[in-house]
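Coordinates from structure.txt are shown below (compact mmCIF, C-alpha atoms and all ligand atoms).
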```txt
# COMPACT_ATOMS: atom_id res chain seq x y z
CA MET A 1 180.68 125.71 72.69
CA ALA A 2 180.67 122.07 71.73
CA THR A 3 183.97 120.28 71.85
CA LYS A 4 185.16 118.23 68.92
CA ILE A 5 185.10 114.69 70.12
CA VAL A 6 185.91 112.46 67.17
CA LYS A 7 189.44 111.53 68.10
CA LYS A 8 191.18 111.35 64.76
CA GLY A 9 194.66 110.71 66.09
CA LYS A 10 193.65 107.81 68.25
CA GLY A 11 193.68 104.22 67.06
CA ILE A 12 193.21 103.88 63.35
CA LYS A 13 192.61 107.07 61.44
CA LEU A 14 189.26 107.95 59.93
CA GLN A 15 190.81 107.94 56.47
CA GLU A 16 191.85 104.32 56.95
CA VAL A 17 188.37 103.45 58.16
CA ALA A 18 186.96 104.85 54.93
CA ALA A 19 188.97 102.25 53.02
CA ASN A 20 186.28 99.64 53.81
CA LYS A 21 188.61 97.47 55.85
CA LEU A 22 186.45 97.11 58.94
CA THR A 23 185.51 93.54 59.81
CA LYS A 24 184.95 93.04 63.53
CA VAL A 25 183.70 96.06 65.42
CA LYS A 26 182.58 96.69 68.98
CA VAL A 27 180.25 99.43 70.18
CA GLY A 28 180.91 100.40 73.79
CA LEU A 29 178.58 102.55 75.89
CA GLY A 30 179.60 103.77 79.31
CA TRP A 31 177.97 106.15 81.76
CA GLU A 32 177.99 107.30 85.35
CA VAL A 33 174.96 108.82 87.05
CA ARG A 34 175.18 111.75 89.47
CA LYS A 35 174.89 110.72 93.10
CA GLY A 36 171.36 109.71 94.04
CA GLY A 37 170.21 109.67 90.42
CA GLN A 38 169.16 106.84 88.18
CA LEU A 39 169.49 106.80 84.45
CA ASP A 40 169.37 103.91 82.01
CA LEU A 41 171.14 104.26 78.66
CA ASP A 42 170.63 101.83 75.79
CA ALA A 43 172.70 101.06 72.70
CA SER A 44 170.86 99.80 69.61
CA VAL A 45 171.52 98.89 65.98
CA PHE A 46 169.02 99.23 63.13
CA MET A 47 169.91 96.91 60.23
CA LEU A 48 168.24 98.36 57.15
CA GLY A 49 167.57 97.11 53.65
CA LYS A 50 168.06 99.03 50.39
CA ASP A 51 164.80 100.86 51.10
CA LYS A 52 166.24 102.10 54.43
CA LYS A 53 163.65 100.09 56.33
CA LEU A 54 163.94 97.08 58.66
CA PRO A 55 163.49 93.81 56.66
CA SER A 56 161.69 92.53 59.79
CA ASP A 57 161.49 93.40 63.50
CA GLU A 58 164.35 91.01 64.29
CA TYR A 59 166.79 93.28 62.43
CA PHE A 60 166.40 95.84 65.20
CA VAL A 61 168.99 94.75 67.78
CA PHE A 62 168.36 96.25 71.22
CA TYR A 63 167.76 95.27 74.86
CA ASN A 64 164.74 93.09 74.03
CA ASN A 65 166.29 91.45 70.94
CA LEU A 66 169.94 90.69 71.60
CA GLN A 67 170.88 89.05 68.32
CA SER A 68 170.18 89.65 64.64
CA PRO A 69 168.74 86.74 62.57
CA ASP A 70 172.15 86.19 60.91
CA GLY A 71 173.84 86.14 64.34
CA MET A 72 176.37 88.77 63.22
CA VAL A 73 175.19 91.60 65.48
CA ARG A 74 175.17 90.63 69.14
CA HIS A 75 174.14 92.83 72.05
CA LYS A 76 175.78 91.56 75.23
CA GLY A 77 172.85 92.50 77.43
CA ASP A 78 171.03 95.43 78.95
CA ASN A 79 172.69 97.38 81.77
CA ARG A 80 170.22 99.57 83.67
CA THR A 81 172.41 101.47 86.13
CA GLY A 82 175.76 102.21 84.52
CA ASP A 83 177.49 101.16 87.75
CA GLY A 84 181.20 100.58 87.38
CA ILE A 85 183.88 101.88 85.05
CA GLY A 86 184.46 100.92 81.43
CA ASP A 87 181.86 99.86 78.88
CA ASP A 88 178.53 99.19 80.57
CA GLU A 89 176.82 97.96 77.37
CA GLU A 90 178.50 96.35 74.40
CA ILE A 91 177.44 95.32 70.90
CA LEU A 92 179.66 93.11 68.76
CA LEU A 93 179.49 93.11 64.97
CA ASN A 94 181.00 90.75 62.41
CA LEU A 95 180.57 92.81 59.26
CA PRO A 96 181.62 90.46 56.41
CA TYR A 97 178.94 87.90 57.29
CA ILE A 98 175.98 90.19 57.77
CA SER A 99 172.98 89.12 55.70
CA PRO A 100 173.21 90.44 52.12
CA MET A 101 169.72 91.90 52.48
CA VAL A 102 171.16 94.45 54.92
CA HIS A 103 172.64 97.53 53.27
CA GLU A 104 173.00 99.94 56.10
CA LEU A 105 173.57 99.86 59.85
CA ARG A 106 172.42 102.78 61.98
CA PHE A 107 173.75 103.10 65.51
CA VAL A 108 171.69 104.82 68.18
CA VAL A 109 172.21 105.47 71.88
CA SER A 110 169.11 106.46 73.83
CA ILE A 111 167.96 107.22 77.37
CA TYR A 112 165.28 104.81 78.57
CA ASP A 113 161.90 106.48 79.18
CA ALA A 114 163.54 109.90 78.92
CA GLN A 115 160.42 111.97 78.29
CA ALA A 116 158.41 110.61 81.23
CA ARG A 117 161.41 110.98 83.54
CA ARG A 118 162.50 114.32 82.05
CA HIS A 119 166.02 113.10 81.50
CA ASN A 120 168.65 114.15 78.98
CA PHE A 121 172.33 113.44 78.51
CA GLY A 122 173.14 116.56 80.52
CA ASN A 123 171.87 114.73 83.64
CA LEU A 124 174.86 112.42 83.48
CA GLU A 125 178.13 112.80 85.29
CA GLU A 126 179.94 111.16 82.44
CA ALA A 127 178.76 109.29 79.39
CA TYR A 128 180.42 108.18 76.18
CA ILE A 129 179.74 106.08 73.15
CA ARG A 130 182.64 104.62 71.22
CA MET A 131 183.37 102.24 68.38
CA ILE A 132 186.40 100.01 68.32
CA ASP A 133 188.00 98.18 65.43
CA LEU A 134 188.60 94.80 67.07
CA GLU A 135 191.26 93.86 64.49
CA THR A 136 193.52 96.74 65.55
CA GLY A 137 192.08 97.52 68.98
CA GLY A 138 191.88 101.16 67.94
CA GLU A 139 189.00 103.49 68.73
CA ILE A 140 187.44 104.76 65.50
CA LEU A 141 184.83 106.95 67.15
CA HIS A 142 184.34 108.41 70.61
CA TYR A 143 181.61 110.87 71.58
CA ASP A 144 181.34 112.52 74.97
CA LEU A 145 177.53 112.39 75.28
CA ASP A 146 177.00 114.59 78.37
CA ALA A 147 179.16 117.39 76.97
CA GLU A 148 178.23 117.26 73.30
CA PHE A 149 174.54 116.29 73.45
CA SER A 150 173.44 117.64 76.84
CA ASP A 151 169.92 118.66 75.67
CA ASP A 152 169.19 115.48 73.72
CA THR A 153 167.62 112.16 74.67
CA GLU A 154 169.06 110.07 71.82
CA VAL A 155 171.96 110.30 69.40
CA GLU A 156 172.34 108.52 66.09
CA PHE A 157 176.10 108.46 66.34
CA ALA A 158 177.26 106.49 63.30
CA LYS A 159 176.28 104.50 60.28
CA LEU A 160 177.92 101.83 58.20
CA VAL A 161 176.87 101.69 54.56
CA ARG A 162 177.59 98.70 52.35
CA ASP A 163 180.17 99.66 49.72
CA GLY A 164 181.39 96.96 47.36
CA ASP A 165 182.87 94.15 49.48
CA GLY A 166 183.14 96.33 52.54
CA TRP A 167 181.38 98.96 54.58
CA GLN A 168 181.80 102.70 54.55
CA PHE A 169 182.02 104.15 58.05
CA VAL A 170 180.22 107.46 58.61
CA PRO A 171 180.17 109.25 61.99
CA THR A 172 176.83 111.09 62.11
CA GLU A 173 176.39 112.67 65.60
CA LEU A 174 172.69 113.51 65.13
CA GLY A 175 171.12 114.40 68.48
CA THR A 176 167.32 113.97 68.72
CA LYS A 177 164.40 114.08 71.15
CA ILE A 178 162.07 111.57 69.48
CA GLY A 179 162.69 108.58 71.76
CA LEU A 180 163.87 105.16 70.63
CA GLN A 181 160.30 104.53 69.48
CA GLY A 182 160.66 107.50 67.13
CA TYR A 183 163.49 105.67 65.37
CA VAL A 184 161.51 102.43 65.27
CA ASP A 185 158.60 104.28 63.65
CA ARG A 186 160.99 105.78 61.11
CA PHE A 187 162.48 102.44 60.11
CA ILE A 188 159.44 100.17 60.10
CA PRO A 189 158.10 99.67 56.56
CA GLU A 190 154.73 101.19 55.81
CA LEU A 191 152.00 98.60 55.43
CA CA B 1 170.44 99.95 79.34
CA CA B 2 179.67 103.13 84.21
```
Is it possible to express this structure as structure tokens?
Amino acid sequence: MATKIVKKGKGIKLQEVAANKLTKVKVGLGWEVRKGGQLDLDASVFMLGKDKKLPSDEYFVFYNNLQSPDGMVRHKGDNRTGDGIGDDEEILLNLPYISPMVHELRFVVSIYDAQARRHNFGNLEEAYIRMIDLETGGEILHYDLDAEFSDDTEVEFAKLVRDGDGWQFVPTELGTKIGLQGYVDRFIPEL
């Protein structure tokens, strides 16, 4: 049975998060591979307009595009091995200054080339995705990926939706097997 992994008691409470007070946020992704294995996890952010599509390719922040056009979403660089403890990949967000054309942020963690390599989160010794409110230092979300999403190859783990002057925080925990490209296809506007 799946464990409940949103840690409500830790850091700031989810109710407080809902009060649209988030400003600076960090996404942290950490993983450890079983001995002899190799697995590359990637954290990404899709910045969507009112139509729930990317205004342009540059609003997809990932390992090949480390900064959004407004500079307010910054990926600190691809990590391909997960070696070492703590966050192996980090994305920093400065919410109040995100371009007004962006109405929603979708957060996805994926396994690189998972289908060809027949990988899923269950192949990992330990893997987590977390979000931290940098103003308080508190964790607002923490998913144990190998335990909760062992059969999946990606998880859309949270979204932030523009709400008045702030952003509504919604943990989503949607496990999928469509690949990161599947998300790109979903969010690219139809010609
Ligand atoms: Ca990576
Ligand atoms: Ca690690």
Which residues of stretch 20-76 of chain A come within 10 Å of stretch 154-174 of chain A, and for each one, what is the closest pair of atoms and their distance in Å to one decimal, counting all atoms listed in the file, sorted by chain and residue number, as a Markdown table?
```
| residue | atom | partner | partner_atom | distance |
| --- | --- | --- | --- | --- |
| A:Asn20 | CA | A:Gly166 | CA | 4.7 |
| A:Lys21 | CA | A:Gly166 | CA | 6.5 |
| A:Leu22 | CA | A:Trp167 | CA | 6.9 |
| A:Thr23 | CA | A:Gly166 | CA | 8.1 |
| A:Leu41 | CA | A:Glu154 | CA | 9.2 |
| A:Asp42 | CA | A:Glu154 | CA | 9.3 |
| A:Ala43 | CA | A:Glu154 | CA | 9.8 |
| A:Ser44 | CA | A:Glu156 | CA | 9.5 |
| A:Val45 | CA | A:Lys159 | CA | 9.3 |
| A:Phe46 | CA | A:Lys159 | CA | 9.4 |
| A:Met47 | CA | A:Leu160 | CA | 9.6 |
| A:Leu48 | CA | A:Val161 | CA | 9.6 |
| A:Lys50 | CA | A:Arg162 | CA | 9.7 |
```
Can you tell me which residues surround A:Ile132 at a distance of at most 9 Å, considering all atoms listed in the file, apart from same-chain residues fewer than 6 positions away, and format the answer as a PDB file with C-alpha atoms, keeping the file's coordinate frame?
```
ATOM      1  CA  GLY A  11     193.680 104.220  67.060  1.00  0.00           C
ATOM      2  CA  LYS A  24     184.950  93.040  63.530  1.00  0.00           C
ATOM      3  CA  VAL A  25     183.700  96.060  65.420  1.00  0.00           C
ATOM      4  CA  LYS A  26     182.580  96.690  68.980  1.00  0.00           C
ATOM      5  CA  VAL A  27     180.250  99.430  70.180  1.00  0.00           C
ATOM      6  CA  GLY A  28     180.910 100.400  73.790  1.00  0.00           C
ATOM      7  CA  GLY A 138     191.880 101.160  67.940  1.00  0.00           C
ATOM      8  CA  GLU A 139     189.000 103.490  68.730  1.00  0.00           C
ATOM      9  CA  ILE A 140     187.440 104.760  65.500  1.00  0.00           C
ATOM     10  CA  LEU A 141     184.830 106.950  67.150  1.00  0.00           C
ATOM     11  CA  HIS A 142     184.340 108.410  70.610  1.00  0.00           C
TER      12      HIS A 142
END
```
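For the atom pair formed by atom CA of A:Val102 and atom CA of A:Glu89, the distance is 23.4 Å, given to one decimal.
For ligand CA 1 (chain B), the neighbouring polymer residues at 10 Å or closer are Leu29, Gly30, Leu39, Asp40, Leu41, Asp42, Ala43, Ser44, Phe62, Tyr63, Gly77, Asp78, Asn79, Arg80, Thr81, Gly82, Asp88, Glu89, Val109, Ser110, Ile111 and Tyr112 of chain A, only C-alpha atoms and all ligand atoms being used.
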Take the residues from that selection and put them in a file with C-alpha atoms, as a PDB file, keeping the file's coordinate frame.
```
ATOM      1  CA  LEU A  29     178.580 102.550  75.890  1.00  0.00           C
ATOM      2  CA  GLY A  30     179.600 103.770  79.310  1.00  0.00           C
ATOM      3  CA  LEU A  39     169.490 106.800  84.450  1.00  0.00           C
ATOM      4  CA  ASP A  40     169.370 103.910  82.010  1.00  0.00           C
ATOM      5  CA  LEU A  41     171.140 104.260  78.660  1.00  0.00           C
ATOM      6  CA  ASP A  42     170.630 101.830  75.790  1.00  0.00           C
ATOM      7  CA  ALA A  43     172.700 101.060  72.700  1.00  0.00           C
ATOM      8  CA  SER A  44     170.860  99.800  69.610  1.00  0.00           C
ATOM      9  CA  PHE A  62     168.360  96.250  71.220  1.00  0.00           C
ATOM     10  CA  TYR A  63     167.760  95.270  74.860  1.00  0.00           C
ATOM     11  CA  GLY A  77     172.850  92.500  77.430  1.00  0.00           C
ATOM     12  CA  ASP A  78     171.030  95.430  78.950  1.00  0.00           C
ATOM     13  CA  ASN A  79     172.690  97.380  81.770  1.00  0.00           C
ATOM     14  CA  ARG A  80     170.220  99.570  83.670  1.00  0.00           C
ATOM     15  CA  THR A  81     172.410 101.470  86.130  1.00  0.00           C
ATOM     16  CA  GLY A  82     175.760 102.210  84.520  1.00  0.00           C
ATOM     17  CA  ASP A  88     178.530  99.190  80.570  1.00  0.00           C
ATOM     18  CA  GLU A  89     176.820  97.960  77.370  1.00  0.00           C
ATOM     19  CA  VAL A 109     172.210 105.470  71.880  1.00  0.00           C
ATOM     20  CA  SER A 110     169.110 106.460  73.830  1.00  0.00           C
ATOM     21  CA  ILE A 111     167.960 107.220  77.370  1.00  0.00           C
ATOM     22  CA  TYR A 112     165.280 104.810  78.570  1.00  0.00           C
TER      23      TYR A 112
END
```
Within 7 Å of ligand CA 2 (chain B), which residues show up when you count all atoms listed in the file? List them as a list in words, please. Gly30, Trp31, Glu32, Gly82, Asp83, Gly84, Ile85, Gly86, Asp87 and Asp88 of chain A
Practice problem: May I have the protein, DNA and RNA residues with any atom at most 8 Å from the point (177.0, 86.9, 59.1), counting only C-alpha atoms, written as a ChimeraX atom specification? | Solution: /A:70-72,94-99
Taken to one decimal, the atom CA of A:Phe107-atom CA of A:Lys177 distance is 15.5 Å
With all atoms of stretch 86-92 of chain A from the file as input, state the centre and edge lengths in Å to one decimal of the axis-aligned box that has 4 Å extra on each side, as AutoDock Vina command-line options.
```
--center_x 180.6 --center_y 97.0 --center_z 75.1 --size_x 15.6 --size_y 15.8 --size_z 20.7
```
Please rebuild stretch 107-118 of chain A with all heavy atoms and return the result as a CSV table (one decimal), keeping the file's coordinate frame.
```
chain,number,residue,atom,x,y,z
A,107,PHE,N,173.4,103.3,64.1
A,107,PHE,CA,173.8,103.1,65.5
A,107,PHE,C,173.1,104.2,66.3
A,107,PHE,O,173.4,105.4,66.1
A,107,PHE,CB,175.3,103.1,65.7
A,107,PHE,CG,175.9,101.9,65.0
A,107,PHE,CD1,176.3,102.1,63.6
A,107,PHE,CD2,176.1,100.7,65.6
A,107,PHE,CE1,176.9,101.0,63.0
A,107,PHE,CE2,176.7,99.7,65.0
A,107,PHE,CZ,177.1,99.8,63.6
A,108,VAL,N,172.4,103.8,67.4
A,108,VAL,CA,171.7,104.8,68.2
A,108,VAL,C,172.0,104.5,69.7
A,108,VAL,O,171.9,103.4,70.1
A,108,VAL,CB,170.2,104.8,67.9
A,108,VAL,CG1,169.4,105.7,68.8
A,108,VAL,CG2,169.9,105.1,66.4
A,109,VAL,N,172.2,105.6,70.4
A,109,VAL,CA,172.2,105.5,71.9
A,109,VAL,C,171.1,106.3,72.4
A,109,VAL,O,170.8,107.4,71.9
A,109,VAL,CB,173.6,105.9,72.5
A,109,VAL,CG1,174.0,107.3,72.1
A,109,VAL,CG2,173.5,105.8,74.0
A,110,SER,N,170.3,105.8,73.3
A,110,SER,CA,169.1,106.5,73.8
A,110,SER,C,169.0,106.3,75.3
A,110,SER,O,169.6,105.5,76.0
A,110,SER,CB,167.9,105.9,73.2
A,110,SER,OG,167.8,104.5,73.4
A,111,ILE,N,168.2,107.3,75.9
A,111,ILE,CA,168.0,107.2,77.4
A,111,ILE,C,166.6,106.6,77.5
A,111,ILE,O,165.6,107.0,76.9
A,111,ILE,CB,167.9,108.6,78.0
A,111,ILE,CG1,169.3,109.3,77.7
A,111,ILE,CG2,167.6,108.5,79.5
A,111,ILE,CD1,169.3,110.8,78.2
A,112,TYR,N,166.5,105.5,78.4
A,112,TYR,CA,165.3,104.8,78.6
A,112,TYR,C,164.2,105.7,79.2
A,112,TYR,O,164.5,106.3,80.2
A,112,TYR,CB,165.5,103.6,79.4
A,112,TYR,CG,164.3,102.7,79.6
A,112,TYR,CD1,163.8,102.0,78.5
A,112,TYR,CD2,163.6,102.7,80.8
A,112,TYR,CE1,162.6,101.3,78.6
A,112,TYR,CE2,162.4,102.0,80.9
A,112,TYR,CZ,161.9,101.2,79.8
A,112,TYR,OH,160.8,100.5,80.0
A,113,ASP,N,163.0,105.8,78.6
A,113,ASP,CA,161.9,106.5,79.2
A,113,ASP,C,162.2,107.9,79.5
A,113,ASP,O,161.8,108.5,80.5
A,113,ASP,CB,161.5,105.8,80.5
A,113,ASP,CG,160.0,105.9,80.7
A,113,ASP,OD1,159.3,106.4,79.8
A,113,ASP,OD2,159.5,105.6,81.8
A,114,ALA,N,163.0,108.6,78.6
A,114,ALA,CA,163.5,109.9,78.9
A,114,ALA,C,162.5,111.0,79.1
A,114,ALA,O,162.6,111.8,80.0
A,114,ALA,CB,164.5,110.3,77.8
A,115,GLN,N,161.4,110.9,78.2
A,115,GLN,CA,160.4,112.0,78.3
A,115,GLN,C,159.6,111.9,79.6
A,115,GLN,O,159.5,113.0,80.3
A,115,GLN,CB,159.5,111.9,77.1
A,115,GLN,CG,160.1,112.5,75.9
A,115,GLN,CD,159.3,112.3,74.6
A,115,GLN,OE1,158.5,111.5,74.5
A,115,GLN,NE2,159.6,113.2,73.6
A,116,ALA,N,159.2,110.7,80.0
A,116,ALA,CA,158.4,110.6,81.2
A,116,ALA,C,159.3,111.0,82.4
A,116,ALA,O,158.8,111.6,83.4
A,116,ALA,CB,157.9,109.2,81.4
A,117,ARG,N,160.5,110.7,82.4
A,117,ARG,CA,161.4,111.0,83.5
A,117,ARG,C,162.1,112.3,83.4
A,117,ARG,O,162.9,112.7,84.3
A,117,ARG,CB,162.4,109.8,83.7
A,117,ARG,CG,161.8,108.5,83.9
A,117,ARG,CD,162.8,107.4,84.0
A,117,ARG,NE,162.2,106.1,84.0
A,117,ARG,CZ,162.9,104.9,84.2
A,117,ARG,NH1,164.2,105.0,84.3
A,117,ARG,NH2,162.3,103.8,84.2
A,118,ARG,N,161.9,113.0,82.3
A,118,ARG,CA,162.5,114.3,82.0
A,118,ARG,C,164.0,114.3,82.1
A,118,ARG,O,164.7,115.1,82.8
A,118,ARG,CB,162.0,115.4,83.0
A,118,ARG,CG,160.5,115.6,82.8
A,118,ARG,CD,159.9,116.6,83.8
A,118,ARG,NE,158.5,116.7,83.6
A,118,ARG,CZ,157.8,117.8,83.5
A,118,ARG,NH1,158.5,119.0,83.4
A,118,ARG,NH2,156.5,117.8,83.3
```
